[in-house]
Amino acid sequence: MKKSVSPLLQGFIWGGCFTLTAAVSGFVGMTVALKSPLPVNIEPFTEKLQALKRFGLSALFTSPLEQSTNILVMGIDRVPNAEGIDKFTGRSDTMLLVRLEPETHTLKMLSIPRDSRVRLPNGAYTKINGANARGGVPLVKEVIQDNLNGVTVDHYIRVTTDAFKKLVDLVGGVEVYVPVDMQYIDRTQGLYIDLKQGKQVLNGEEAEQFARFRQDNLGDIGRVQRQQILLKALGDKMRSPQMIFKTPQIIDLLQEEIDTDLTSSQIMTLAGFALGLDKKDIRMLMLPGRPSYPREYQLSYWLISEENKQSVIEEYLQIENATPYNRLSPSRIRIAIKNATPNRQLDDKLAELLGENGYRNVYISQKSTIPTTTTQIIVQKGDNESAQQIQRVLNFGELEYSSTGDIDSDITIILGTDAEKLLEENSFIN
């Protein structure tokens with residue numbers, strides 16, 4: 001018979017653990033402040049302490065992530081009146097291929113547009129969002145492997161769309177900038193969207209409206225971009241210290257709204273790894289392609305680029321025997337400039353500077369409605385090395401690893417007020 005632990009003893013255990021955590025944290029903080037190295041490598045220990053604060057005592061016995069893992073994440077449309085496992089048999093509204101890499105200490109997230117045209121094992125072509133409804137996870141895995149040059153899926157997570165709304169509400173909302181007024185009604189889908197332009201905290205219902213809006217001439221691709229914006233905002237919120245108090249409620253929610261083949265210990269390991277990453281370690285990308293032309297097909301599709309997908313797979317998913325990444329020369333890199341400042345001269349000045357450094361495939365895109373103090377160099381199609389080179393040329397701005405820029409570009413530069421100051425003073429340092 002298992003012997004129970006008295007509340008008093010439990011209190012001593014927890015008090016001791018948190019006292020130890022505070023003491024070690026103070027020691028580490030003091031050491032960092034003094035810029036003197038510690039005599040031993042305590043990184044694994046401090047990682048355990050961070051996990052302890054988030055997940056409790058069981059985190060002390062969790063193994064660190066030791067090898068790269070590909071996880072398929074699907075957000076599943078509501079299935080009317082469904083309960084239990086049947087809740088996860090609908091179409092996939094969102095599809096992400098997430099790779100966690102302990103070797104590079106990164107998390108890479110490939111968004112697969114729901115309208116992507118793929119070949120099924122029987123030879124028929126369809127949109128990838130219907131694969132889960134046709135044959136569940138096994139079919140989705142097979143379709144991904146066949147259409148993405150052999151990429152394998154190690155594990156899967158299926159989440160109901162209701163889970164996202166509930167999670168956003170549970171963490172107190174997410175802060176995003178709504179770029180334009182969004183109004184749309186579709187009574188057949190029960191979809192009512194009414195959001196005003198501007199920076200704001202969205203609750204769960206509003207976040208779903210933001211993600212599902214399609215009336216911006218970008219269709220499904222606009223949805224992917226807004227999903228990436230929401231995921232970043234939610235990730236920032238989840239990494240805040242206040243979330244420790246929400247952990248039990250979050251776990252209860254996920255148990256109800258998630259279907260996965262991951263064990264509890266695996267989830268603990270993956271969550272501990274992900275929560276330990278900095279913003280620069282999280283890289284989001286969209287599967288490259290283009291929207292189909294009107295009357296090109298009976299349905300509208302996202303047509304996956306056969307030329308570019310292999311480069312993305314090699315760069316982000318690193319399958320064996322992949323073709324090396326085909327990097328473009330500066331003269332061929334397509335760069336979009338979006339101005340987020342009132343200074344209308346910045347566009348031409350930046351284009352001139354880029355041209356002087358060999359970047360001749362530059363165009364001025366639509367002005368950004370989202371104000372920013374820091375220039376964003378968006379790695380639109382995954383060419384991280386070229387983006388870093390452009391950052392060195394400009395000597396300002398920060399890299400943004402997402403596909404939220406101009407869809408026709410390789411790199412999108414959104415000019416912030418830091419660029420305005422440098423340009424006016426002619427103080428670029430190459």
# chains A, B, ... in the order shown; residues from 1 in each chain; ligands from 1
>>> select_by_dssp(residues="segment 120-330 of chain A", states="alpha helix (DSSP H)", output="MDAnalysis selection string")
chainID A and resid 131:147 161:170 204:212 220:238 247:257 264:275 306:312
>>> residues_around(residues="Val73 of chain A", least_positions_apart="2", cutoff="10 Å", atoms="only C-alpha atoms", output="number ranges by chain")
A: 70-71, 75-76, 92, 94-98, 109, 111, 155-159, 260
>>> residues_around(residues="segment 342-359 of chain A", least_positions_apart="5", cutoff="8 Å", atoms="only C-alpha atoms", output="PyMOL selection string")
chain A and resi 330-333+337+364+393+415+419-420+423
>>> write_last_selection(atoms="C-alpha atoms", output="compact mmCIF listing (two decimals), in the first residue's frame")
# COMPACT_ATOMS: atom_id res chain seq x y z
CA PRO A 330 22.39 39.06 -54.69
CA SER A 331 21.28 40.24 -58.13
CA ARG A 332 18.58 37.52 -58.25
CA ILE A 333 17.20 37.82 -54.72
CA ILE A 337 10.34 47.14 -49.50
CA ILE A 364 8.47 48.90 -53.68
CA VAL A 393 24.72 45.56 -45.57
CA LEU A 415 11.07 49.97 -42.74
CA ALA A 419 15.72 53.33 -40.67
CA GLU A 420 14.26 56.84 -40.91
CA LEU A 423 18.64 57.57 -43.71
>>> atom_distance(atom1="atom CA of Ile378 of chain A", atom2="atom CA of Thr404 of chain A")
7.3 Å
>>> atom_distance(atom1="atom CA of Gln200 of chain A", atom2="atom CA of Ile112 of chain A")
27.4 Å
>>> closest_residue(among="A:Ser409, A:Thr160, A:Ser300, A:Thr375", to="Arg91 of chain A", atoms="only C-alpha atoms")
A:Thr160
>>> residues_around(residues="segment 230-232 of chain A", least_positions_apart="3", cutoff="8 Å", atoms="only C-alpha atoms", output="PyMOL selection string")
chain A and resi 174+176+207+211+226-227+235-236
>>> closest_residue(among="A:Arg239, A:Arg212, A:Arg295, A:Arg283", to="Leu317 of chain A", atoms="only C-alpha atoms")
A:Arg283
>>> select_by_dssp(residues="segment 156-235 of chain A", states="strand (DSSP E)", output="list in words")
Tyr156, Ile157, Arg158, Val159, Thr160, Val174, Glu175, Val176, Tyr177, Val178, Met182, Gln183, Tyr184, Ile185, Asp186, Leu191, Tyr192, Ile193, Asp194, Leu195, Gly198, Lys199, Gln200, Val201 and Leu202 of chain A
>>> residues_around(residues="segment 179-189 of chain A", least_positions_apart="4", cutoff="10 Å", atoms="only C-alpha atoms", output="JSON, numbers by chain")
{"A": [193, 194, 195, 196, 197, 198, 199, 209, 210, 212, 213, 214, 215, 216, 368, 369, 370, 371]}
>>> atom_distance(atom1="atom CA of Ser240 of chain A", atom2="atom CA of Gly397 of chain A")
24.7 Å
>>> closest_residue(among="A:Ala387, A:Val168, A:Phe88, A:Gly222", to="Val201 of chain A", atoms="only C-alpha atoms")
A:Val168
>>> closest_residue(among="A:Lys280, A:Arg117, A:Lys309, A:Arg334", to="Tyr401 of chain A", atoms="only C-alpha atoms")
A:Lys280
